[in-house]
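As structure tokens, the structure follows; a few thoughts come after it.
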Number of protein chains: 2
Amino acid sequence: MSKLRTIELDKTRELHVVGKSVSKPDAWEKAKGGSGYPVNFRLPRMLHAKLLRSPYAHARIVKIETSKAQRLRGVRAIITHKDVPKASFTPYYTSPPMALTLVRDLLVLDDRVRFVGDGVAAVAAETVEEAEEALDLIDVEYEQLPAVFDPEEAMKPGAPEIHQGVKNNAAISPVLSFGDVERGFEEAGSIFEGKYETPRVSTCYMEPRVCVTQYDDMGNLTVYSSIQAIFGLRQALSVGLGMPESRINVIKPPYIGGGFGGKLEMSFLEPVCSLLSIKTGRPVRMEYTRSEDFLSSSRHRIRMYLKTGVKKDGSFTARYCRSVLDAGAHATQAPVVIMVHGTFGFLGTYKCANRKWEGYCVYTNNVIGGGYRGYGAPQAAFAVESQIDEICEELKLDPIEMRLKNCHSQGDPHPEIPELNLSSYALRDCISEGATRLAWGQRSHPEGKSGMVRRGIGFACVPIWVSGGYGIPDVYEHSGAVVKVNPDGTVSLNTGVVDIGGGQNTAIMQIVAEELGVPFEAVKLTSSDTDNSPFDSGTHASRVTYAAGYAARLAAAEAKRKLLGVAGELLKADPADLEIENGDIYLRGTREKKTTVADVATAAHLPSVIITENGPQVTVSKKGTIMGAVSSAPPANPTPTAALFVEVEVDTETGEVRVLRAISTHDLGRAINPKAAEGQVEGGFVQGLGYALMEEMLFDQETGTCLTLDFLDYKIPTAMEVPRIESVLLEAVEETGPFGAKGIGEPPIIMPAPAIANAVYNAVGVRIRELPITPEKILKALGKL
Amino acid sequence: MSKLRTIELDKTRELHVVGKSVSKPDAWEKAKGGSGYPVNFRLPRMLHAKLLRSPYAHARIVKIETSKAQRLRGVRAIITHKDVPKASFTPYYTSPPMALTLVRDLLVLDDRVRFVGDGVAAVAAETVEEAEEALDLIDVEYEQLPAVFDPEEAMKPGAPEIHQGVKNNAAISPVLSFGDVERGFEEAGSIFEGKYETPRVSTCYMEPRVCVTQYDDMGNLTVYSSIQAIFGLRQALSVGLGMPESRINVIKPPYIGGGFGGKLEMSFLEPVCSLLSIKTGRPVRMEYTRSEDFLSSSRHRIRMYLKTGVKKDGSFTARYCRSVLDAGAHATQAPVVIMVHGTFGFLGTYKCANRKWEGYCVYTNNVIGGGYRGYGAPQAAFAVESQIDEICEELKLDPIEMRLKNCHSQGDPHPEIPELNLSSYALRDCISEGATRLAWGQRSHPEGKSGMVRRGIGFACVPIWVSGGYGIPDVYEHSGAVVKVNPDGTVSLNTGVVDIGGGQNTAIMQIVAEELGVPFEAVKLTSSDTDNSPFDSGTHASRVTYAAGYAARLAAAEAKRKLLGVAGELLKADPADLEIENGDIYLRGTREKKTTVADVATAAHLPSVIITENGPQVTVSKKGTIMGAVSSAPPANPTPTAALFVEVEVDTETGEVRVLRAISTHDLGRAINPKAAEGQVEGGFVQGLGYALMEEMLFDQETGTCLTLDFLDYKIPTAMEVPRIESVLLEAVEETGPFGAKGIGEPPIIMPAPAIANAVYNAVGVRIRELPITPEKILKALGKL
């Protein structure tokens, strides 16, 4: 269910394709499990690879003996740390702040293992079964080392050193400070302190990670992988394998079965398959099992110590946070995650003259983390938005009033990107729209509630977010597109950005169709790869519609300019007097159809033959194929904003929470495809619901072994738990965006945990500061356990 | 052996890569039978297809029963004419004059067969053997129709009608006339008439024709084929299958095992596999046997009636030719071939005020023809250059003098393209260089020769040729390229033109490297296809270096402009003051290296991190990926010229001819890669030698069955027959060409037959007017048979 309201309409242009909920052209194919999924990709003579993983959380490999395995029927190659270039890399490399990702702490395979599940060796065999059998025949002698699993323990003197020379196991420990926090606290009427904990959770994408690599006679490596960033993978492989980027071609999958950030970075499979392909000269495929997917990427556990100074009226005088992030055995994306967490998740959210944040990105012997939609912000929002409600409860303030008092306004300076203003900013509308719909005014205090099952309402906001990483120090996140007009009037679109299920392809195709004046159906995505496509920094950070859409619109505009140039030549008209609609070319302002996109594109590079009474007549232009090729940095980084209002029901006997209703209001700029935007909102809410109430990767405290490696042990929401979701799209049209668009990918997932925590408090008067909000925790807080 | 002499050097620019005989980067891979050959391409779950071919030269299919075949184990689909769209097409469509190729007389499969080997039905099965077995189980009832095999018989009233409504079986019958031929003959001192015959021959490419097609869930067809023109194939498939072009993607093969024009057009295999893929949803592969390759394409048999009026001094007063071309059962390329034959092969060769040509492109029940290097000119040259020597013999003129008297000169109007002049034209140099080397002055008359084995010398010219089809009425032949500079300083080059063995890829890569100022090794060809590449009209008409090279140079220049723009930004310098050499960027005129292509390309789309004493420092540009994307018509159509001098030995007892020495002199503009140009010269000579002395497809006179379907029955030259070839490259630098280049592909094959015929006459005094010049014909002419 959705409501779409355009706050400010760009009146200069009538839109024909943008703003329409066209169906994803590959929807039916994808529903059938189409051949475009990387998991369905096969090559002839392909070998199958399996990874031997460490049973210990921390150990040195003393000896590794592969000869028995090597002799097994069907086995074609085995690699261990001895076969791997000694080049440290970070698996996530291209687009985030480079200075941060200079934390290179990873080898493809190392002689030291640092978590249970770390890579030890890999086998390529004729069948999966043979590869698996061979794993059992590899003899590894380990020297166990002391392990540490809690990040604060890991920071203490005397803790095991996980990476040589890294003091206190802190990969990075940034401190950012504005104003004078000490003085701010002195000026405060009240000071609130709280410790908030968020667990490690998995993105639970549906399609497993999979890759197929091929190494040819010319020394070129081709990589097919379920990856969100083809150029990022190329770069990481280049460093990890010590191979020039130009000898690696990463093929863009037509679509992947979900990513959510969990497929942003290179995992074991790509470099391992590559090395096995190089060794055997044959294509090599590896598909992760669900258990391996759990081990390959997860949202980082962050412990937050929040301290806030507030005046009586609810305005902030000082805001302080100390965040301890459990990076696991390798930093991977953690340094970037903690920066986004500290800045966009904490510092930038609400106005306050005195702010300070200390972050600790700490190595432990836990599994590695990775990207996950929201990228540090869901953790921060849980702390920040929970604590605001706690403050309101204490100071008897209305949570809406308090947020409105402290939040930014349109036109304010951007709190995180000095050169920008908040050009389109409709947080206040998001809040008031949600409040009205949920009848916020009728909200009652928990003290007045009784009965076994009690209802409560609550909300949370995304006061600041991104439409990509542009402008965040050192990040530019270019994107590009090549648009080619075919002789049949269709348009080929080559973009290196990957559709991870959110309808990214469809949105970009709509933008191109709109700009060129052709029907949506006329736009066709070509196959793309790192060789053929302009650089794109990948599908992450809510950037695709805004940044890749921007580049695609420029490319389409370039093609249109050329097209109208040829049309003008053929029609002996000034191109400025021509316009294109639905593939037809008119004299501007008239309904006088003069020619078509197809005919002009044909005439531009082919003699165009028209059979007349006097025989065939030929018209020709020397212009050539109508093309636009653009690579560009996005023009700005506007902030989407959002608010989520929920109503919950808490069973005081069982501790169970049911969410009854959710109203998710989003200022996303122009909704290029409202249906797809709603999909983002609904999907994000469901994932956030799991984060709030049930999801948590659990580990054996002694050994560090993950105990939740399948969907029997790891609980995610089913359709039974999902309430009615009202998606409200508020189109605060963004001047710099393609047709006014900005991002929408991540805000939906940031709000559910705090909104539900606040609603639970409103229902039963207990505050849960540690996710997930399980029945046990509620009963314990209610004094019933 | 080669001699390279540059007639006119472009002094403005020092060349670093162009003009060097760099090795083809794929030479070693190709020598090993590399995976890039289409014949080595495989897809998983691929079916194998076979074609049932007609045993009759002309018949109607009364009934066709496939049920028995359908039940055979492994058979997955069968198609007959009933399953084929009724859309007539021409298999060669895009680049040649469109008005001509409007002769659409072909269905993928028809209910009428018109030659022995015509397609009747096709089977797709799990294995090749099963498909072959199934062919035997298809019951076809034919109604035989009267057939005709001689084109002049076919033109007579009452001859069988091969295509409905085509009068006299003439697909086209063009007449071109200049001046007043009748009057020219009246003014002549002498008139010479002769009938010259050339046989049907095969290109004998090494790799068979092969294709693999794939049809996906989205209704898109992907085609991998050993084709010379990917866009031409897309267009022919589109018409033949009744499918929009944008749903067809033709993949460019990395290289193919020879083409020589024989793989220019679509054959049965591509549409048949496509239909079988659509029917089964599985990839389908078909590989022609050598016999099928003989049937799929051949150089047309042309009978020429030449009549020439000459003054005593050897100057022409009238030139007339009537050419009867045996098109076989379908026109395919024959209308274009006969036009090129008549214009560039006859009318344009030598100056004469009064010229007339009548061409007849005639259907017969013979096998179809196709493109073959030289495209109608080898046939014409055999007649024209033989007859000039006959005239000289009669009028006691020196053959060199006579040609120099009648030939064009640099700066003359182009004889075939009104808007052009002969901008670079060094025929006189070619002739004099060859004459000097062969000591032409010492040539003696056959009458003075004796002994069993007699030696003779002779020569022939290419007075006019093309560097592509541009400017020939209605033909533009665009080409394009996308050039992308990678962060490691390498350059990706996407061009839709196919390397058919002549080193086309290497030449274009050299042009790009030269223009950008990077080493040759830095340029990498990307995979290309009709979706992703700008239109290219294919590898034919000696056009690639000139036309595709021109577009690639423009694309590289665009990339260079952008690259220097970013460099200027980074260095705070005027881009005009910068220059690039060997991948390094200098202040113009100094040896002061400022930065590198790699660093600039990196900085253009990625933050570039430099570790300094003060920590990492980041430089960024917003420019994006450095790209140049160009589609263009070639700027002109300069004519390469050439002369071939040969010395032969004729055994008067056996009639055998041995060529002892060949001096092939070529005005090719700048030789981008002299070694590759020599390869063209040597390969063309060897093919021409076969045409002159031994090659001929023979047919049963009664049934029309081809009798020479393998290399036991069809003789081509071996290393034993090939003499010492001296390639002399005369670089008449062409202003409009990329770094001065023009074409070289076809002239080498045009000259051997007449040069050898002239040398044979010089040795033994007999004139053979019908190719090949077999021992039998010589003995007969000598009166010994």
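Following the order of the structure tokens, first chain is A, next is B, and so on, with residues numbered from 1 inside each chain and ligands from 1 in the order they appear.
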
Skip Pro772 (chain B) itself and residues of its chain fewer than 4 positions away, then list as a compact mmCIF listing (two decimals) with C-alpha atoms, in the first residue's frame all residues within 9 Å of it, counting only C-alpha atoms.
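New file part-v6.txt:
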```txt
# COMPACT_ATOMS: atom_id res chain seq x y z
CA THR B 198 37.24 -17.59 -65.08
CA PRO B 199 36.14 -20.58 -63.01
CA GLY B 690 46.17 -21.25 -57.27
CA TYR B 691 43.60 -19.29 -59.28
CA ALA B 692 46.04 -18.96 -62.15
CA LEU B 693 47.27 -22.50 -62.39
CA MET B 694 45.15 -25.12 -60.67
CA GLU B 695 41.99 -24.18 -58.76
CA GLU B 696 38.55 -24.94 -60.16
CA ALA B 753 46.46 -14.82 -62.96
CA ILE B 768 45.41 -19.10 -72.47
CA LYS B 777 45.37 -26.31 -71.91
```

* Residue neighbourhood region 270-287 of chain A, 8 Å, only C-alpha atoms, exclusion window fewer than 4 positions, as a VMD selection string -> chain A and resid 39 43 to 50 76 to 79 84 108 122 to 124 208 to 216 221 223 225 237 240 to 241 266

* Mind checking which residues fall within 10 Å of Pro487 (chain A), counting only C-alpha atoms, ignoring those fewer than 4 positions away in the same chain, and posting them as an NGL selection string? => (:A and (491 or 597-606 or 608 or 625-626)) or (:B and (235 or 244-246 or 535))

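For Val250 (chain A), the set of protein, DNA and RNA residues having any atom at most 9 Å away, when counting only C-alpha atoms and skipping those fewer than 5 positions along the same chain, is A:Leu221, A:Thr222, A:Val223, A:Tyr224, A:Ser225, A:Ile230, A:Phe231, A:Leu233, A:Arg234, A:Ser528, A:Asp529, A:Thr530, A:Asp531.
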
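Nearest to chain B of all the residues A:Lys623, A:Arg53, A:Lys351, A:Arg290 is A:Lys623, based on only C-alpha atoms.
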
* From region 557-604 of chain B, collect each residue whose DSSP state is strand (DSSP E or B) and return the set as a list in words. => Leu578, Glu579, Ile580, Glu581, Asp584, Ile585, Tyr586, Leu587, Lys593, Lys594, Thr595 and Thr596 of chain B

Mind checking which residues fall within 10 Å of Lys524 (chain A), counting only C-alpha atoms, ignoring those fewer than 4 positions away in the same chain, and posting them as an mmCIF file with all heavy atoms, in the first residue's frame?
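As written to disk, around32.cif reads:
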```cif
data_model
loop_
_atom_site.group_PDB
_atom_site.id
_atom_site.type_symbol
_atom_site.label_atom_id
_atom_site.label_comp_id
_atom_site.auth_asym_id
_atom_site.auth_seq_id
_atom_site.Cartn_x
_atom_site.Cartn_y
_atom_site.Cartn_z
ATOM 1 N N PRO A 25 11.613 -5.460 -16.422
ATOM 2 C CA PRO A 25 11.499 -6.322 -17.604
ATOM 3 C C PRO A 25 11.956 -7.757 -17.336
ATOM 4 O O PRO A 25 11.538 -8.674 -18.022
ATOM 5 C CB PRO A 25 12.399 -5.648 -18.647
ATOM 6 C CG PRO A 25 13.042 -4.495 -17.996
ATOM 7 C CD PRO A 25 12.485 -4.311 -16.633
ATOM 8 N N VAL A 483 25.365 4.890 -24.217
ATOM 9 C CA VAL A 483 24.019 4.761 -24.771
ATOM 10 C C VAL A 483 24.153 4.759 -26.294
ATOM 11 O O VAL A 483 24.789 5.639 -26.858
ATOM 12 C CB VAL A 483 23.131 5.932 -24.302
ATOM 13 C CG1 VAL A 483 21.852 6.007 -25.118
ATOM 14 C CG2 VAL A 483 22.821 5.799 -22.813
ATOM 15 N N LYS A 484 23.564 3.763 -26.919
ATOM 16 C CA LYS A 484 23.712 3.622 -28.372
ATOM 17 C C LYS A 484 22.322 3.462 -28.967
ATOM 18 O O LYS A 484 21.539 2.641 -28.494
ATOM 19 C CB LYS A 484 24.566 2.374 -28.648
ATOM 20 C CG LYS A 484 25.046 2.237 -30.066
ATOM 21 C CD LYS A 484 26.021 1.055 -30.208
ATOM 22 C CE LYS A 484 25.295 -0.270 -30.138
ATOM 23 N NZ LYS A 484 25.817 -1.283 -31.079
ATOM 24 N N THR A 490 15.537 1.072 -31.078
ATOM 25 C CA THR A 490 15.806 0.691 -29.704
ATOM 26 C C THR A 490 17.122 1.329 -29.255
ATOM 27 O O THR A 490 17.882 1.856 -30.067
ATOM 28 C CB THR A 490 15.897 -0.841 -29.545
ATOM 29 O OG1 THR A 490 16.961 -1.315 -30.366
ATOM 30 C CG2 THR A 490 14.587 -1.497 -29.953
ATOM 31 N N VAL A 491 17.345 1.262 -27.963
ATOM 32 C CA VAL A 491 18.491 1.940 -27.380
ATOM 33 C C VAL A 491 19.258 0.944 -26.522
ATOM 34 O O VAL A 491 18.679 0.330 -25.621
ATOM 35 C CB VAL A 491 18.019 3.122 -26.505
ATOM 36 C CG1 VAL A 491 19.198 3.791 -25.829
ATOM 37 C CG2 VAL A 491 17.237 4.123 -27.345
ATOM 38 N N SER A 492 20.520 0.759 -26.825
ATOM 39 C CA SER A 492 21.356 -0.122 -26.013
ATOM 40 C C SER A 492 21.999 0.700 -24.902
ATOM 41 O O SER A 492 22.530 1.772 -25.159
ATOM 42 C CB SER A 492 22.452 -0.760 -26.864
ATOM 43 O OG SER A 492 21.893 -1.584 -27.844
ATOM 44 N N LEU A 493 21.945 0.165 -23.724
ATOM 45 C CA LEU A 493 22.477 0.876 -22.555
ATOM 46 C C LEU A 493 23.522 0.001 -21.886
ATOM 47 O O LEU A 493 23.231 -1.102 -21.438
ATOM 48 C CB LEU A 493 21.330 1.178 -21.586
ATOM 49 C CG LEU A 493 21.712 1.628 -20.171
ATOM 50 C CD1 LEU A 493 22.494 2.936 -20.210
ATOM 51 C CD2 LEU A 493 20.470 1.777 -19.308
ATOM 52 N N ASN A 494 24.728 0.497 -21.832
ATOM 53 C CA ASN A 494 25.823 -0.209 -21.172
ATOM 54 C C ASN A 494 26.189 0.565 -19.911
ATOM 55 O O ASN A 494 26.664 1.686 -19.979
ATOM 56 C CB ASN A 494 27.019 -0.285 -22.127
ATOM 57 C CG ASN A 494 28.227 -0.966 -21.502
ATOM 58 O OD1 ASN A 494 28.327 -1.126 -20.290
ATOM 59 N ND2 ASN A 494 29.160 -1.380 -22.340
ATOM 60 N N ASN A 505 18.370 -1.603 -12.501
ATOM 61 C CA ASN A 505 18.360 -1.594 -13.970
ATOM 62 C C ASN A 505 17.149 -0.834 -14.506
ATOM 63 O O ASN A 505 17.255 -0.002 -15.405
ATOM 64 C CB ASN A 505 18.284 -3.029 -14.517
ATOM 65 C CG ASN A 505 19.616 -3.757 -14.421
ATOM 66 O OD1 ASN A 505 20.651 -3.140 -14.213
ATOM 67 N ND2 ASN A 505 19.583 -5.073 -14.574
ATOM 68 N N THR A 506 15.988 -1.162 -13.957
ATOM 69 C CA THR A 506 14.745 -0.573 -14.455
ATOM 70 C C THR A 506 14.766 0.942 -14.302
ATOM 71 O O THR A 506 14.383 1.675 -15.213
ATOM 72 C CB THR A 506 13.556 -1.176 -13.687
ATOM 73 O OG1 THR A 506 13.691 -2.604 -13.722
ATOM 74 C CG2 THR A 506 12.237 -0.790 -14.322
ATOM 75 N N MET A 509 17.054 2.472 -16.847
ATOM 76 C CA MET A 509 16.436 2.378 -18.177
ATOM 77 C C MET A 509 15.331 3.426 -18.329
ATOM 78 O O MET A 509 15.173 4.043 -19.392
ATOM 79 C CB MET A 509 15.875 0.972 -18.393
ATOM 80 C CG MET A 509 16.957 -0.099 -18.579
ATOM 81 S SD MET A 509 16.349 -1.777 -18.238
ATOM 82 C CE MET A 509 15.417 -2.099 -19.731
ATOM 83 N N ALA A 513 15.193 6.294 -21.146
ATOM 84 C CA ALA A 513 14.029 6.397 -22.033
ATOM 85 C C ALA A 513 13.432 7.797 -21.959
ATOM 86 O O ALA A 513 13.117 8.412 -22.979
ATOM 87 C CB ALA A 513 12.996 5.341 -21.656
ATOM 88 N N PHE A 520 9.766 3.076 -22.791
ATOM 89 C CA PHE A 520 10.580 2.269 -21.888
ATOM 90 C C PHE A 520 11.024 0.974 -22.550
ATOM 91 O O PHE A 520 12.170 0.548 -22.423
ATOM 92 C CB PHE A 520 9.786 1.967 -20.609
ATOM 93 C CG PHE A 520 10.503 1.019 -19.686
ATOM 94 C CD1 PHE A 520 11.599 1.456 -18.958
ATOM 95 C CD2 PHE A 520 10.095 -0.294 -19.557
ATOM 96 C CE1 PHE A 520 12.277 0.589 -18.117
ATOM 97 C CE2 PHE A 520 10.769 -1.170 -18.719
ATOM 98 C CZ PHE A 520 11.859 -0.715 -17.992
ATOM 99 N N SER B 246 17.375 -5.466 -32.259
ATOM 100 C CA SER B 246 17.813 -5.231 -30.881
ATOM 101 C C SER B 246 17.661 -6.474 -30.013
ATOM 102 O O SER B 246 18.176 -6.517 -28.915
ATOM 103 C CB SER B 246 17.023 -4.078 -30.272
ATOM 104 O OG SER B 246 15.643 -4.319 -30.436
ATOM 105 N N ARG B 247 16.961 -7.478 -30.506
ATOM 106 C CA ARG B 247 16.871 -8.723 -29.730
ATOM 107 C C ARG B 247 17.927 -9.739 -30.161
ATOM 108 O O ARG B 247 17.967 -10.850 -29.646
ATOM 109 C CB ARG B 247 15.463 -9.301 -29.815
ATOM 110 C CG ARG B 247 14.508 -8.573 -28.848
ATOM 111 C CD ARG B 247 13.089 -9.065 -28.942
ATOM 112 N NE ARG B 247 12.988 -10.495 -28.881
ATOM 113 C CZ ARG B 247 11.993 -11.203 -29.435
ATOM 114 N NH1 ARG B 247 11.025 -10.582 -30.063
ATOM 115 N NH2 ARG B 247 11.966 -12.506 -29.338
ATOM 116 N N ASP B 531 25.682 -5.447 -29.558
ATOM 117 C CA ASP B 531 25.071 -4.629 -28.515
ATOM 118 C C ASP B 531 26.003 -3.513 -28.063
ATOM 119 O O ASP B 531 25.582 -2.390 -27.834
ATOM 120 C CB ASP B 531 24.753 -5.500 -27.275
ATOM 121 C CG ASP B 531 23.366 -6.105 -27.348
ATOM 122 O OD1 ASP B 531 22.667 -5.882 -28.353
ATOM 123 O OD2 ASP B 531 22.992 -6.812 -26.399
#
```

* Got a sec to tell me which of region 7-72 of chain B DSSP assigns to helix (DSSP H, G or I), as a VMD selection string? -> chain B and resid 27 to 31 38 to 40 67 to 70

Can you write just those residues out, N, CA, C and O atoms, as a JSON list (two decimals), in the first residue's frame?
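The resulting again-v4.json:
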```json
[["chain", "number", "residue", "atom", "x", "y", "z"],
["B", 27, "ALA", "N", 49.45, -14.24, -31.89],
["B", 27, "ALA", "CA", 50.07, -15.16, -32.86],
["B", 27, "ALA", "C", 50.30, -16.54, -32.27],
["B", 27, "ALA", "O", 49.95, -17.56, -32.85],
["B", 28, "TRP", "N", 50.88, -16.57, -31.09],
["B", 28, "TRP", "CA", 51.23, -17.84, -30.47],
["B", 28, "TRP", "C", 49.97, -18.63, -30.14],
["B", 28, "TRP", "O", 49.87, -19.84, -30.40],
["B", 29, "GLU", "N", 49.00, -17.93, -29.57],
["B", 29, "GLU", "CA", 47.73, -18.57, -29.23],
["B", 29, "GLU", "C", 47.08, -19.15, -30.48],
["B", 29, "GLU", "O", 46.58, -20.27, -30.48],
["B", 30, "LYS", "N", 47.10, -18.38, -31.56],
["B", 30, "LYS", "CA", 46.46, -18.85, -32.78],
["B", 30, "LYS", "C", 47.20, -20.04, -33.36],
["B", 30, "LYS", "O", 46.58, -20.99, -33.85],
["B", 31, "ALA", "N", 48.52, -19.98, -33.28],
["B", 31, "ALA", "CA", 49.31, -21.09, -33.82],
["B", 31, "ALA", "C", 48.98, -22.38, -33.08],
["B", 31, "ALA", "O", 49.06, -23.48, -33.64],
["B", 38, "PRO", "N", 36.24, -19.52, -33.26],
["B", 38, "PRO", "CA", 34.84, -19.91, -33.05],
["B", 38, "PRO", "C", 34.64, -21.43, -33.02],
["B", 38, "PRO", "O", 33.77, -21.93, -32.32],
["B", 39, "VAL", "N", 35.47, -22.16, -33.74],
["B", 39, "VAL", "CA", 35.29, -23.62, -33.77],
["B", 39, "VAL", "C", 35.56, -24.23, -32.40],
["B", 39, "VAL", "O", 35.11, -25.34, -32.12],
["B", 40, "ASN", "N", 36.27, -23.52, -31.56],
["B", 40, "ASN", "CA", 36.54, -24.04, -30.21],
["B", 40, "ASN", "C", 35.53, -23.56, -29.18],
["B", 40, "ASN", "O", 35.65, -23.88, -28.00],
["B", 67, "SER", "N", 8.63, -37.56, -38.81],
["B", 67, "SER", "CA", 8.25, -38.22, -37.55],
["B", 67, "SER", "C", 9.21, -39.35, -37.17],
["B", 67, "SER", "O", 9.53, -39.53, -36.00],
["B", 68, "LYS", "N", 9.69, -40.09, -38.16],
["B", 68, "LYS", "CA", 10.62, -41.18, -37.85],
["B", 68, "LYS", "C", 11.91, -40.60, -37.24],
["B", 68, "LYS", "O", 12.40, -41.09, -36.22],
["B", 69, "ALA", "N", 12.40, -39.55, -37.85],
["B", 69, "ALA", "CA", 13.62, -38.91, -37.36],
["B", 69, "ALA", "C", 13.39, -38.33, -35.95],
["B", 69, "ALA", "O", 14.24, -38.41, -35.07],
["B", 70, "GLN", "N", 12.22, -37.77, -35.79],
["B", 70, "GLN", "CA", 11.88, -37.14, -34.51],
["B", 70, "GLN", "C", 11.94, -38.14, -33.36],
["B", 70, "GLN", "O", 12.29, -37.79, -32.23]]
```

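Relative to CA of Ala334 (chain B), CA of Leu689 (chain B) is found at 23.4 Å.
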
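If you measure from each of A:Asp26, A:Glu265, A:Glu143, A:Glu207 to Tyr92 (chain A) using only C-alpha atoms, the closest one turns out to be A:Glu265.
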
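Comparing A:Ser88, A:Thr343, A:Thr526, A:Gln410 by their smallest distance to chain B, the closest is A:Thr526 (using only C-alpha atoms).
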